[in-house]
>>> print(open('start.csv').read())   # CSV, C-alpha atoms
chain,number,residue,atom,x,y,z
Q,131,MET,CA,-109.7,31.0,21.3
Q,132,ALA,CA,-109.5,28.2,18.8
Q,133,THR,CA,-106.1,26.7,18.0
Q,134,PRO,CA,-104.9,27.8,14.5
Q,135,HIS,CA,-105.2,25.2,11.8
Q,136,ALA,CA,-101.5,25.3,11.0
Q,137,THR,CA,-100.4,24.3,14.5
Q,138,TRP,CA,-101.9,20.8,14.3
Q,139,ALA,CA,-101.8,20.3,10.5
Q,140,PRO,CA,-104.4,17.5,10.0
Q,141,THR,CA,-103.6,16.9,6.3
Q,142,PRO,CA,-100.5,14.6,6.7
Q,143,TRP,CA,-102.2,12.2,9.1
Q,144,THR,CA,-105.4,12.0,7.0
Q,145,GLU,CA,-103.3,11.0,4.0
Q,146,ALA,CA,-101.6,8.3,6.1
Q,147,MET,CA,-105.0,7.2,7.4
Q,148,ALA,CA,-106.4,6.6,3.9
Q,149,LYS,CA,-103.8,3.9,3.4
Q,150,ARG,CA,-104.8,2.0,6.5
Q,151,PRO,CA,-107.3,-0.8,6.0
Q,152,SER,CA,-108.5,-0.4,9.6
Q,153,PHE,CA,-109.3,3.3,9.2
Q,154,ASP,CA,-107.9,3.9,12.6
Q,155,TYR,CA,-108.7,7.6,12.8
Q,156,ALA,CA,-108.7,7.8,16.6
Q,157,ALA,CA,-105.1,6.6,16.9
Q,158,HIS,CA,-104.0,9.9,15.2
Q,159,VAL,CA,-105.8,12.2,17.7
Q,160,ASP,CA,-103.8,13.7,20.5
Q,161,SER,CA,-104.4,16.2,23.3
Q,162,ARG,CA,-104.0,19.2,20.8
Q,163,HIS,CA,-106.8,17.9,18.6
Q,164,ARG,CA,-109.1,17.2,21.6
Q,165,ALA,CA,-108.5,20.7,23.1
Q,166,ALA,CA,-108.9,22.5,19.7
Q,167,PHE,CA,-112.1,20.7,19.0
Q,168,ARG,CA,-113.8,20.6,22.4
Q,169,GLY,CA,-113.1,24.0,23.8
Q,170,PRO,CA,-114.5,26.2,21.0
Q,171,LEU,CA,-117.4,23.9,20.4
Q,172,LEU,CA,-118.6,23.8,24.0
Q,173,ASP,CA,-118.2,27.6,24.4
Q,174,TRP,CA,-120.2,28.1,21.2
Q,175,PHE,CA,-122.9,25.7,22.2
Q,176,ALA,CA,-123.3,27.4,25.6
Q,177,ARG,CA,-124.1,30.6,23.8
Q,178,VAL,CA,-126.4,29.4,21.0
Q,179,ARG,CA,-128.1,26.3,22.5
Q,180,ARG,CA,-131.6,26.2,21.0
Q,181,PRO,CA,-134.5,25.7,23.5
Q,182,MET,CA,-136.2,22.4,22.8
Q,183,PRO,CA,-139.0,20.8,24.9
Q,184,TRP,CA,-137.0,17.6,25.4
Q,185,ARG,CA,-134.0,19.6,26.8
Q,186,ALA,CA,-136.1,20.6,29.9
Q,187,GLU,CA,-134.4,19.8,33.2
Q,188,ASP,CA,-135.7,19.4,36.7
Q,189,GLU,CA,-134.4,21.3,39.8
Q,190,HIS,CA,-131.4,19.0,40.0
Q,191,GLY,CA,-130.4,19.6,36.3
Q,192,ARG,CA,-131.6,16.2,35.2
Q,193,ARG,CA,-133.7,15.3,32.1
Q,194,ASP,CA,-136.6,12.9,31.9
Q,195,PRO,CA,-135.1,9.8,30.2
Q,196,TYR,CA,-138.5,8.9,28.7
Q,197,ARG,CA,-138.7,12.3,27.0
Q,198,VAL,CA,-135.1,12.1,25.8
Q,199,TRP,CA,-135.7,8.7,24.4
Q,200,LEU,CA,-139.0,9.7,22.7
Q,201,SER,CA,-137.3,12.8,21.1
Q,202,GLU,CA,-134.4,10.7,19.8
Q,203,ILE,CA,-136.8,8.3,18.1
Q,204,MET,CA,-138.8,11.1,16.6
Q,205,LEU,CA,-135.7,12.9,15.4
Q,206,GLN,CA,-134.6,9.9,13.3
Q,207,GLN,CA,-135.3,10.9,9.7
Q,208,THR,CA,-137.2,14.1,11.0
Q,209,ARG,CA,-136.1,17.7,11.4
Q,210,VAL,CA,-136.4,19.4,14.8
Q,211,ASP,CA,-139.0,21.9,13.6
Q,212,GLN,CA,-141.1,19.0,12.2
Q,213,ALA,CA,-140.8,16.8,15.3
Q,214,THR,CA,-141.5,19.5,17.9
Q,215,PRO,CA,-145.3,19.7,17.6
Q,216,TYR,CA,-145.5,15.9,17.4
Q,217,PHE,CA,-143.4,15.6,20.5
Q,218,GLN,CA,-145.7,18.0,22.4
Q,219,ARG,CA,-148.8,16.3,21.2
Q,220,PHE,CA,-147.4,12.8,22.0
Q,221,THR,CA,-146.3,13.7,25.5
Q,222,THR,CA,-149.7,15.2,26.2
Q,223,ALA,CA,-151.3,12.0,25.2
Q,224,PHE,CA,-148.7,9.7,26.8
Q,225,PRO,CA,-146.9,11.7,29.5
Q,226,THR,CA,-145.0,8.7,31.0
Q,227,VAL,CA,-143.6,5.5,29.8
Q,228,GLU,CA,-146.3,3.7,31.8
Q,229,ALA,CA,-149.0,5.6,29.9
Q,230,LEU,CA,-147.4,4.7,26.6
Q,231,ALA,CA,-147.1,1.0,27.5
Q,232,ALA,CA,-150.8,0.9,28.6
Q,233,ALA,CA,-152.1,2.6,25.4
Q,234,ASP,CA,-153.7,0.8,22.5
Q,235,LEU,CA,-151.4,0.7,19.4
Q,236,ASP,CA,-154.1,2.3,17.3
Q,237,ASP,CA,-154.0,5.3,19.6
Q,238,VAL,CA,-150.2,5.5,19.4
Q,239,LEU,CA,-150.3,5.4,15.7
Q,240,LYS,CA,-152.9,8.1,15.6
Q,241,GLN,CA,-150.8,10.4,17.6
Q,242,TRP,CA,-147.8,9.6,15.3
Q,243,GLU,CA,-149.9,10.1,12.2
Q,244,GLY,CA,-148.1,12.3,9.7
Q,245,LEU,CA,-144.6,11.9,11.2
Q,246,GLY,CA,-143.8,8.9,8.9
Q,247,TYR,CA,-141.6,5.9,9.4
Q,248,TYR,CA,-144.2,4.2,11.5
Q,249,SER,CA,-142.0,1.3,12.5
Q,250,ARG,CA,-140.5,3.8,15.0
Q,251,ALA,CA,-143.9,4.2,16.7
Q,252,ARG,CA,-144.5,0.4,16.8
Q,253,ASN,CA,-141.1,-0.3,18.2
Q,254,LEU,CA,-141.5,2.5,20.7
Q,255,HIS,CA,-144.7,1.1,21.9
Q,256,ARG,CA,-143.2,-2.4,22.2
Q,257,ALA,CA,-140.2,-1.1,24.0
Q,258,ALA,CA,-142.3,0.8,26.5
Q,259,LYS,CA,-144.0,-2.4,27.5
Q,260,VAL,CA,-140.6,-4.0,28.0
Q,261,VAL,CA,-139.5,-1.1,30.1
Q,262,VAL,CA,-142.5,-1.3,32.4
Q,263,ALA,CA,-142.5,-5.1,32.6
Q,264,GLU,CA,-138.8,-5.7,33.0
Q,265,HIS,CA,-137.3,-2.4,34.3
Q,266,GLY,CA,-140.0,-1.1,36.6
Q,267,GLY,CA,-140.9,1.8,34.3
Q,268,ARG,CA,-137.3,3.2,34.3
Q,269,VAL,CA,-135.6,3.6,31.0
Q,270,PRO,CA,-132.4,1.5,31.3
Q,271,ASP,CA,-129.2,3.3,32.1
Q,272,THR,CA,-126.7,0.7,30.7
Q,273,GLU,CA,-125.7,0.2,27.1
Q,274,ALA,CA,-126.5,-3.6,27.1
Q,275,ALA,CA,-130.0,-3.1,28.6
Q,276,ILE,CA,-131.1,-0.2,26.5
Q,277,SER,CA,-129.7,-1.8,23.3
Q,278,ALA,CA,-131.9,-4.8,23.9
Q,279,LEU,CA,-135.1,-2.7,23.5
Q,280,PRO,CA,-136.9,-2.8,20.2
Q,281,GLY,CA,-135.9,0.0,17.9
Q,282,ILE,CA,-132.7,1.0,19.8
Q,283,GLY,CA,-129.5,1.0,17.7
Q,284,PRO,CA,-126.0,2.3,18.6
Q,285,TYR,CA,-126.9,5.9,17.9
Q,286,THR,CA,-130.1,6.0,20.0
Q,287,ALA,CA,-128.5,4.1,22.8
Q,288,ALA,CA,-125.6,6.5,23.0
Q,289,ALA,CA,-127.9,9.5,22.7
Q,290,VAL,CA,-130.2,8.5,25.5
Q,291,LEU,CA,-127.5,7.3,27.9
Q,292,SER,CA,-125.3,10.4,27.4
Q,293,LEU,CA,-128.2,13.0,27.4
Q,294,ALA,CA,-130.3,11.5,30.2
Q,295,TYR,CA,-127.7,9.8,32.4
Q,296,GLY,CA,-124.4,11.4,31.5
Q,297,VAL,CA,-122.8,8.2,30.3
Q,298,PRO,CA,-119.7,9.0,28.2
Q,299,LEU,CA,-120.7,7.6,24.8
Q,300,ALA,CA,-120.4,9.7,21.6
Q,301,VAL,CA,-123.3,9.8,19.2
Q,302,LEU,CA,-122.8,9.4,15.5
Q,303,ASP,CA,-125.6,10.7,13.2
Q,304,GLY,CA,-125.5,12.4,9.8
Q,305,ASN,CA,-124.7,15.8,11.4
Q,306,VAL,CA,-121.8,14.4,13.4
Q,307,ILE,CA,-120.4,12.5,10.4
Q,308,ARG,CA,-120.5,15.7,8.3
Q,309,VAL,CA,-118.7,17.7,11.0
Q,310,LEU,CA,-116.0,15.1,11.6
Q,311,THR,CA,-115.3,14.4,8.0
Q,312,ARG,CA,-115.0,18.1,7.2
Q,313,VAL,CA,-112.9,19.1,10.2
Q,314,PHE,CA,-110.4,16.2,9.6
Q,315,ALA,CA,-110.8,16.0,5.8
Q,316,LEU,CA,-111.6,12.3,5.8
Q,317,GLY,CA,-112.1,11.2,2.3
Q,318,ASP,CA,-113.3,7.6,2.9
Q,319,ASP,CA,-116.7,6.4,1.8
Q,320,VAL,CA,-118.9,6.9,4.9
Q,321,LYS,CA,-121.3,4.3,3.7
Q,322,ARG,CA,-118.8,1.6,4.3
Q,323,SER,CA,-119.2,-0.2,7.6
Q,324,PRO,CA,-115.4,0.0,8.6
Q,325,VAL,CA,-115.5,3.8,8.1
Q,326,THR,CA,-118.6,4.2,10.2
Q,327,LYS,CA,-117.1,2.3,13.0
Q,328,ALA,CA,-113.9,4.3,12.7
Q,329,LEU,CA,-115.8,7.6,12.9
Q,330,ARG,CA,-117.6,6.3,16.0
Q,331,ARG,CA,-114.2,5.6,17.6
Q,332,LEU,CA,-113.0,9.1,16.6
Q,333,ALA,CA,-116.1,10.7,18.1
Q,334,ASN,CA,-115.5,8.8,21.3
Q,335,GLU,CA,-111.8,9.9,21.3
Q,336,LEU,CA,-112.9,13.5,21.1
Q,337,LEU,CA,-115.7,13.2,23.7
Q,338,PRO,CA,-114.9,14.8,27.1
Q,339,ALA,CA,-116.0,12.3,29.8
Q,340,ASP,CA,-117.2,15.1,32.1
Q,341,HIS,CA,-119.4,16.8,29.5
Q,342,PRO,CA,-120.8,14.0,27.2
Q,343,SER,CA,-124.3,15.5,26.9
Q,344,ALA,CA,-123.2,19.0,26.0
Q,345,PHE,CA,-120.5,17.8,23.6
Q,346,ASN,CA,-122.9,15.4,21.8
Q,347,GLU,CA,-125.6,18.0,21.4
Q,348,ALA,CA,-123.0,20.6,20.4
Q,349,VAL,CA,-121.7,18.6,17.5
Q,350,MET,CA,-125.2,17.8,16.3
Q,351,GLU,CA,-126.2,21.4,16.6
Q,352,LEU,CA,-123.2,22.6,14.7
Q,353,GLY,CA,-124.0,20.1,11.9
Q,354,ALA,CA,-127.7,21.1,11.8
Q,355,THR,CA,-127.3,24.9,11.9
Q,356,VAL,CA,-123.8,25.8,10.6
Q,357,CYS,CA,-122.0,22.9,9.0
Q,358,THR,CA,-125.0,22.2,6.7
Q,359,PRO,CA,-124.9,19.8,3.7
Q,360,ALA,CA,-125.1,22.2,0.8
Q,361,ALA,CA,-124.2,25.7,2.1
Q,362,PRO,CA,-122.0,25.5,5.2
Q,363,ARG,CA,-121.6,28.8,7.1
Q,364,CYS,CA,-117.9,28.5,7.4
Q,365,LEU,CA,-117.3,32.2,8.2
Q,366,VAL,CA,-119.2,31.9,11.5
Q,367,CYS,CA,-118.2,28.4,12.4
Q,368,THR,CA,-116.5,28.0,15.7
Q,369,LEU,CA,-114.2,25.3,14.3
Q,370,ARG,CA,-113.1,27.3,11.2
Q,371,ASP,CA,-109.5,27.7,12.4
Q,372,VAL,CA,-109.0,23.9,12.7
Q,373,CYS,CA,-111.1,22.7,9.8
Q,374,ALA,CA,-109.0,20.8,7.3
Q,375,SER,CA,-111.6,20.9,4.5
Q,376,LEU,CA,-112.0,24.7,4.8
Q,377,ALA,CA,-108.2,25.0,4.5
Q,378,GLU,CA,-108.4,22.8,1.3
Q,379,GLY,CA,-111.0,25.3,0.0
Q,380,ASP,CA,-114.1,23.1,-0.5
Q,381,PRO,CA,-115.8,21.7,2.6
Q,382,THR,CA,-118.8,20.4,0.5
Q,383,ARG,CA,-116.5,17.7,-0.9
Q,384,TYR,CA,-117.1,15.9,2.4
Q,385,PRO,CA,-118.5,13.6,3.5
Q,386,VAL,CA,-117.7,11.2,0.6
Q,387,ALA,CA,-120.5,8.7,0.1
Q,388,THR,CA,-121.5,6.2,-2.5
Q,389,LYS,CA,-124.0,7.7,-5.0
Q,390,LYS,CA,-127.6,6.7,-4.4
Q,391,LYS,CA,-129.3,4.5,-6.9
Q,392,PRO,CA,-132.2,6.1,-8.9
Q,393,VAL,CA,-135.4,6.2,-6.8
Q,394,PRO,CA,-138.0,3.9,-8.3
Q,395,HIS,CA,-141.5,5.2,-9.0
Q,396,TYR,CA,-144.8,3.2,-8.9
Q,397,ASP,CA,-148.3,4.0,-10.0
Q,398,ILE,CA,-150.9,2.9,-7.3
Q,399,ALA,CA,-154.6,2.5,-7.8
Q,400,VAL,CA,-157.0,2.5,-4.9
Q,401,GLY,CA,-160.7,2.1,-4.6
Q,402,VAL,CA,-163.1,4.4,-2.6
Q,403,VAL,CA,-165.9,1.9,-2.2
Q,404,TYR,CA,-169.2,3.2,-0.9
Q,405,ASP,CA,-172.0,1.2,0.7
Q,406,GLU,CA,-175.8,2.1,0.8
Q,407,GLN,CA,-175.2,4.3,3.9
Q,408,SER,CA,-172.5,6.4,2.1
Q,409,ARG,CA,-169.8,4.8,4.2
Q,410,VAL,CA,-166.4,4.0,2.6
Q,411,LEU,CA,-164.4,0.8,3.0
Q,412,ILE,CA,-161.0,0.8,4.7
Q,413,GLN,CA,-158.6,-1.9,5.7
Q,414,LYS,CA,-155.9,-2.2,8.2
Q,415,ARG,CA,-152.4,-3.1,7.0
Q,416,PRO,CA,-150.7,-6.2,8.6
Q,417,GLU,CA,-148.6,-5.3,11.6
Q,418,ASP,CA,-145.4,-6.7,10.1
Q,419,ALA,CA,-145.8,-4.9,6.7
Q,420,MET,CA,-144.5,-1.4,5.8
Q,421,LEU,CA,-146.8,1.1,7.4
Q,422,GLY,CA,-148.0,-1.8,9.6
Q,423,GLY,CA,-151.1,-1.1,11.8
Q,424,LEU,CA,-152.3,1.9,9.8
Q,425,TRP,CA,-155.5,2.0,7.9
Q,426,GLU,CA,-155.7,2.5,4.1
Q,427,PHE,CA,-158.0,2.4,1.1
Q,428,PRO,CA,-157.7,-0.9,-0.6
Q,429,GLY,CA,-155.6,-1.1,-3.8
Q,430,GLY,CA,-152.2,-1.8,-5.1
Q,431,LYS,CA,-149.5,-1.4,-7.7
Q,432,ARG,CA,-150.2,-1.1,-11.4
Q,433,GLU,CA,-148.8,-3.8,-13.6
Q,434,PRO,CA,-147.0,-3.0,-16.9
Q,435,ASP,CA,-149.4,-1.8,-19.6
Q,436,GLU,CA,-152.4,-2.1,-17.3
Q,437,ALA,CA,-155.1,0.6,-17.3
Q,438,LEU,CA,-155.4,2.2,-13.9
Q,439,GLU,CA,-159.1,1.4,-13.6
Q,440,ALA,CA,-158.2,-2.2,-14.3
Q,441,THR,CA,-155.6,-2.1,-11.6
Q,442,CYS,CA,-158.2,-0.9,-9.1
Q,443,VAL,CA,-160.7,-3.6,-10.1
Q,444,ARG,CA,-158.0,-6.4,-10.0
Q,445,GLU,CA,-156.5,-5.3,-6.7
Q,446,LEU,CA,-159.9,-5.2,-4.9
Q,447,ARG,CA,-160.7,-8.6,-6.3
Q,448,GLU,CA,-157.4,-10.0,-5.1
Q,449,GLU,CA,-157.3,-8.3,-1.8
Q,450,LEU,CA,-160.9,-8.4,-0.7
Q,451,GLY,CA,-162.6,-11.0,-2.9
Q,452,ILE,CA,-165.1,-8.4,-4.3
Q,453,ASP,CA,-166.0,-7.2,-7.8
Q,454,VAL,CA,-166.4,-3.5,-8.2
Q,455,GLU,CA,-167.3,-1.1,-11.0
Q,456,VAL,CA,-165.2,2.0,-11.3
Q,457,THR,CA,-167.5,5.0,-11.7
Q,458,GLU,CA,-165.2,8.1,-11.6
Q,459,PRO,CA,-161.8,9.3,-10.7
Q,460,VAL,CA,-161.5,11.0,-7.3
Q,461,ALA,CA,-157.9,12.2,-6.9
Q,462,ARG,CA,-154.3,11.9,-8.0
Q,463,ILE,CA,-151.7,12.2,-5.3
Q,464,ASP,CA,-147.9,12.2,-5.6
Q,465,HIS,CA,-146.0,11.0,-2.5
Q,466,ALA,CA,-142.3,10.2,-1.8
Q,467,TYR,CA,-141.2,7.5,0.7
Q,468,SER,CA,-137.6,7.0,1.8
Q,469,HIS,CA,-136.7,4.6,-1.0
Q,470,PHE,CA,-139.3,5.0,-3.7
Q,471,LYS,CA,-142.0,7.4,-5.0
Q,472,ILE,CA,-145.6,6.8,-5.9
Q,473,THR,CA,-148.5,8.4,-7.7
Q,474,MET,CA,-151.7,7.2,-6.1
Q,475,TYR,CA,-154.9,7.3,-8.3
Q,476,ALA,CA,-158.1,7.0,-6.4
Q,477,PHE,CA,-161.4,5.9,-8.0
Q,478,ARG,CA,-164.9,5.9,-6.7
Q,479,CYS,CA,-166.2,2.4,-6.9
Q,480,GLN,CA,-169.6,0.6,-6.7
Q,481,LEU,CA,-169.7,-2.8,-5.1
Q,482,VAL,CA,-171.1,-5.3,-7.7
Q,483,ARG,CA,-170.8,-8.6,-5.9
Q,484,GLY,CA,-169.1,-10.3,-3.0
Q,485,THR,CA,-168.6,-9.6,0.7
Q,486,PRO,CA,-165.3,-7.9,1.5
Q,487,GLU,CA,-162.9,-10.1,3.5
Q,488,GLY,CA,-159.4,-9.0,4.3
Q,489,ARG,CA,-156.6,-11.1,2.9
Q,490,GLU,CA,-154.5,-12.5,5.7
Q,491,GLY,CA,-157.4,-11.7,8.0
Q,492,GLN,CA,-156.7,-8.0,8.4
Q,493,PRO,CA,-159.6,-5.9,9.8
Q,494,LEU,CA,-162.0,-4.1,7.5
Q,495,ARG,CA,-164.3,-1.2,8.4
Q,496,TRP,CA,-167.2,0.7,6.8
Q,497,VAL,CA,-166.7,4.3,8.0
Q,498,ALA,CA,-168.4,7.6,7.3
Q,499,VAL,CA,-166.2,10.0,5.5
Q,500,SER,CA,-166.7,12.5,8.3
Q,501,ALA,CA,-165.3,10.0,10.8
Q,502,LEU,CA,-162.2,9.0,8.9
Q,503,GLY,CA,-160.2,11.4,11.1
Q,504,ASP,CA,-160.6,9.0,14.0
Q,505,TYR,CA,-158.3,6.5,12.3
Q,506,ALA,CA,-154.5,6.6,11.6
Q,507,PHE,CA,-153.6,6.6,7.9
Q,508,PRO,CA,-150.4,7.1,5.9
Q,509,ARG,CA,-149.9,10.6,4.6
Q,510,ALA,CA,-150.9,9.8,1.0
Q,511,ASN,CA,-154.2,8.3,2.2
Q,512,ARG,CA,-154.7,11.3,4.6
Q,513,ARG,CA,-154.5,13.6,1.6
Q,514,LEU,CA,-157.1,11.6,-0.2
Q,515,ILE,CA,-159.3,11.8,2.9
Q,516,GLU,CA,-159.0,15.6,2.8
Q,517,THR,CA,-160.2,15.6,-0.8
Q,518,LEU,CA,-163.2,13.3,0.1
Q,519,GLN,CA,-164.1,15.5,3.1
Q,520,ALA,CA,-163.9,18.7,0.9
Q,521,GLN,CA,-166.1,17.1,-1.6
Q,522,LEU,CA,-168.6,16.2,1.1
Q,523,ARG,CA,-168.7,19.8,2.3
Q,524,ASN,CA,-168.8,21.4,-1.1
Q,525,PRO,CA,-170.1,18.9,-3.7
Q,526,THR,CA,-170.8,21.6,-6.3
Q,527,LEU,CA,-167.1,22.5,-6.5
Q,528,PHE,CA,-166.1,19.0,-7.8
>>> encode(input="start.csv", output="structure tokens")
Amino acid sequence: MATPHATWAPTPWTEAMAKRPSFDYAAHVDSRHRAAFRGPLLDWFARVRRPMPWRAEDEHGRRDPYRVWLSEIMLQQTRVDQATPYFQRFTTAFPTVEALAAADLDDVLKQWEGLGYYSRARNLHRAAKVVVAEHGGRVPDTEAAISALPGIGPYTAAAVLSLAYGVPLAVLDGNVIRVLTRVFALGDDVKRSPVTKALRRLANELLPADHPSAFNEAVMELGATVCTPAAPRCLVCTLRDVCASLAEGDPTRYPVATKKKPVPHYDIAVGVVYDEQSRVLIQKRPEDAMLGGLWEFPGGKREPDEALEATCVRELREELGIDVEVTEPVARIDHAYSHFKITMYAFRCQLVRGTPEGREGQPLRWVAVSALGDYAFPRANRRLIETLQAQLRNPTLF
């Protein structure tokens, strides 16, 4: 049974903590805190643990480090329910790290298509090559070695090592931060680097060395399913008796974070340029750019007071060295990225003069509309393709 909140009264030491420039939360944790936090949490997790494909174990109770690593990369910025079908599709296509390393990047991006944050896929592919070339195909089991892989930060390193190898390292993601700041009523700005480091030390202080995997997953599971951002289910929370923010009366005050800046919005105009064989022109984005390695319809950002059709003409001239005539609008698509939003306006265009050549030498292709599904596109472009293919099937409806 959970230790009653009053017996370990967290409020006084959180007030003292706020005055410390080092934010040394872990120094105020003793055996009572560890027992009151760990016991109820691990008991609860054993009862409600959700089945997930990356949690599968072999006959010795061990997990496949490659599948754990892949799941952790996919779950960055993505919910479990969204990531699960992608994980299953991806592991079917690339069942081992060797298969992923040997794959063409275009094939990897195609399997990742729709999941977003494509730098994750590019780094995963690069890292797989390193694992095969330098580690004999075995995902590294030390913090130094795994942290040296592309795309591996402190959270991912701790997650893979603890879940796959039982290394006693605590994870610190948004769910864990929310649970810790609420249980201990930590009112410091979690966006500040010293606070993040202090929370990681606190998580490691609470972590049981003999059950790092279960503990890490339990805290994350609690944050994802019970201690949720807007409507925490405090009445059924296994830590309700020791939660300082619940005792204060308003858990949603935590975590404290700097307010986000307003999200900018941009109008984008793209051209759907057809040739004599009714194929459309697409180009590949540079590998080092946002959405690098994906294909797209050429176009770009609207300038102030510029007509959208003029944006389309100008961008195609600047990007491809061609002159086009806009004949009709095709689609308007709203889409949100992590740090900005766009409205993409697509126009059917006729090539007037010039031979398309990609700026910076990126590849170009003329592709039948029906074959566009063979290429990996960002989500907004994919929605445009769906419109084009619907028009192809039912031209009288448009």
>>> atom_distance(input="start.csv", atom1="atom CA of Tyr285 of chain Q", atom2="atom CA of Glu202 of chain Q")
9.1 Å
>>> atom_distance(input="start.csv", atom1="atom CA of Ala344 of chain Q", atom2="atom CA of Tyr295 of chain Q")
12.1 Å
>>> atom_distance(input="start.csv", atom1="atom CA of Ala361 of chain Q", atom2="atom CA of Asp318 of chain Q")
21.1 Å
>>> closest_atom_pairs(input="start.csv", of="segment 370-419 of chain Q", to="segment 427-440 of chain Q", cutoff="6 Å", atoms="only C-alpha atoms", output="CSV")
residue,atom,partner,partner_atom,distance
Q:Asp397,CA,Q:Arg432,CA,5.6
Q:Ile398,CA,Q:Lys431,CA,4.5
Q:Ala399,CA,Q:Gly429,CA,5.5
Q:Val400,CA,Q:Gly429,CA,4.0
Q:Gly401,CA,Q:Pro428,CA,5.8
Q:Ile412,CA,Q:Phe427,CA,5.0
>>> closest_residue(input="start.csv", among="Q:Gly484, Q:Gly191, Q:Pro324, Q:Pro392", to="Ile452 of chain Q", atoms="only C-alpha atoms")
Q:Gly484
>>> closest_residue(input="start.csv", among="Q:Arg444, Q:Thr214, Q:Gly244, Q:Arg256", to="Ala231 of chain Q", atoms="all atoms listed in the file")
Q:Arg256
>>> residues_around(input="start.csv", residues="Ala275 of chain Q", least_positions_apart="3", cutoff="10 Å", atoms="only C-alpha atoms", output="list in words")
Val261, His265, Val269, Pro270, Asp271, Thr272, Ala278, Leu279 and Ala287 of chain Q
>>> write_last_selection(input="start.csv", atoms="C-alpha atoms", output="compact mmCIF listing (two decimals), in the frame of the given file")
# COMPACT_ATOMS: atom_id res chain seq x y z
CA VAL Q 261 -139.50 -1.10 30.10
CA HIS Q 265 -137.30 -2.40 34.30
CA VAL Q 269 -135.60 3.60 31.00
CA PRO Q 270 -132.40 1.50 31.30
CA ASP Q 271 -129.20 3.30 32.10
CA THR Q 272 -126.70 0.70 30.70
CA ALA Q 278 -131.90 -4.80 23.90
CA LEU Q 279 -135.10 -2.70 23.50
CA ALA Q 287 -128.50 4.10 22.80
>>> residues_around(input="start.csv", residues="Ala333 of chain Q", least_positions_apart="3", cutoff="8 Å", atoms="all atoms listed in the file", output="ChimeraX atom specification")
/Q:300-302,310,329-330,336-337
>>> closest_residue(input="start.csv", among="Q:Glu516, Q:Asp464, Q:Glu487, Q:Asp319", to="Ser500 of chain Q", atoms="only C-alpha atoms")
Q:Glu516
>>> residues_around(input="start.csv", residues="Thr517 of chain Q", least_positions_apart="5", cutoff="12 Å", atoms="only C-alpha atoms", output="JSON, numbers by chain")
{"Q": [402, 459, 460, 461, 462, 463, 476, 499, 500, 502, 510, 511, 512, 522, 523, 524, 525, 527, 528]}
>>> closest_residue(input="start.csv", among="Q:Ser161, Q:Thr208, Q:Ala166, Q:Ala294", to="Trp184 of chain Q", atoms="all atoms listed in the file")
Q:Ala294
>>> residues_around(input="start.csv", residues="Val178 of chain Q", least_positions_apart="2", cutoff="12 Å", atoms="all atoms listed in the file", output="ChimeraX atom specification")
/Q:171-176,180-181,344,347-348,351-352,355-356,367-368
>>> closest_residue(input="start.csv", among="Q:Val320, Q:Val410, Q:Met350, Q:Cys442", to="Asp303 of chain Q", atoms="only C-alpha atoms")
Q:Met350
>>> closest_residue(input="start.csv", among="Q:Gly266, Q:Ser201, Q:Ala274, Q:Leu369", to="Leu293 of chain Q", atoms="all atoms listed in the file")
Q:Ser201
>>> residues_around(input="start.csv", residues="Ala387 of chain Q", least_positions_apart="2", cutoff="10 Å", atoms="all atoms listed in the file", output="compact mmCIF listing (two decimals) with C-alpha atoms, in the frame of the given file")
# COMPACT_ATOMS: atom_id res chain seq x y z
CA GLY Q 317 -112.10 11.20 2.30
CA ASP Q 318 -113.30 7.60 2.90
CA ASP Q 319 -116.70 6.40 1.80
CA VAL Q 320 -118.90 6.90 4.90
CA LYS Q 321 -121.30 4.30 3.70
CA ARG Q 322 -118.80 1.60 4.30
CA ARG Q 383 -116.50 17.70 -0.90
CA TYR Q 384 -117.10 15.90 2.40
CA PRO Q 385 -118.50 13.60 3.50
CA LYS Q 389 -124.00 7.70 -5.00
CA LYS Q 390 -127.60 6.70 -4.40
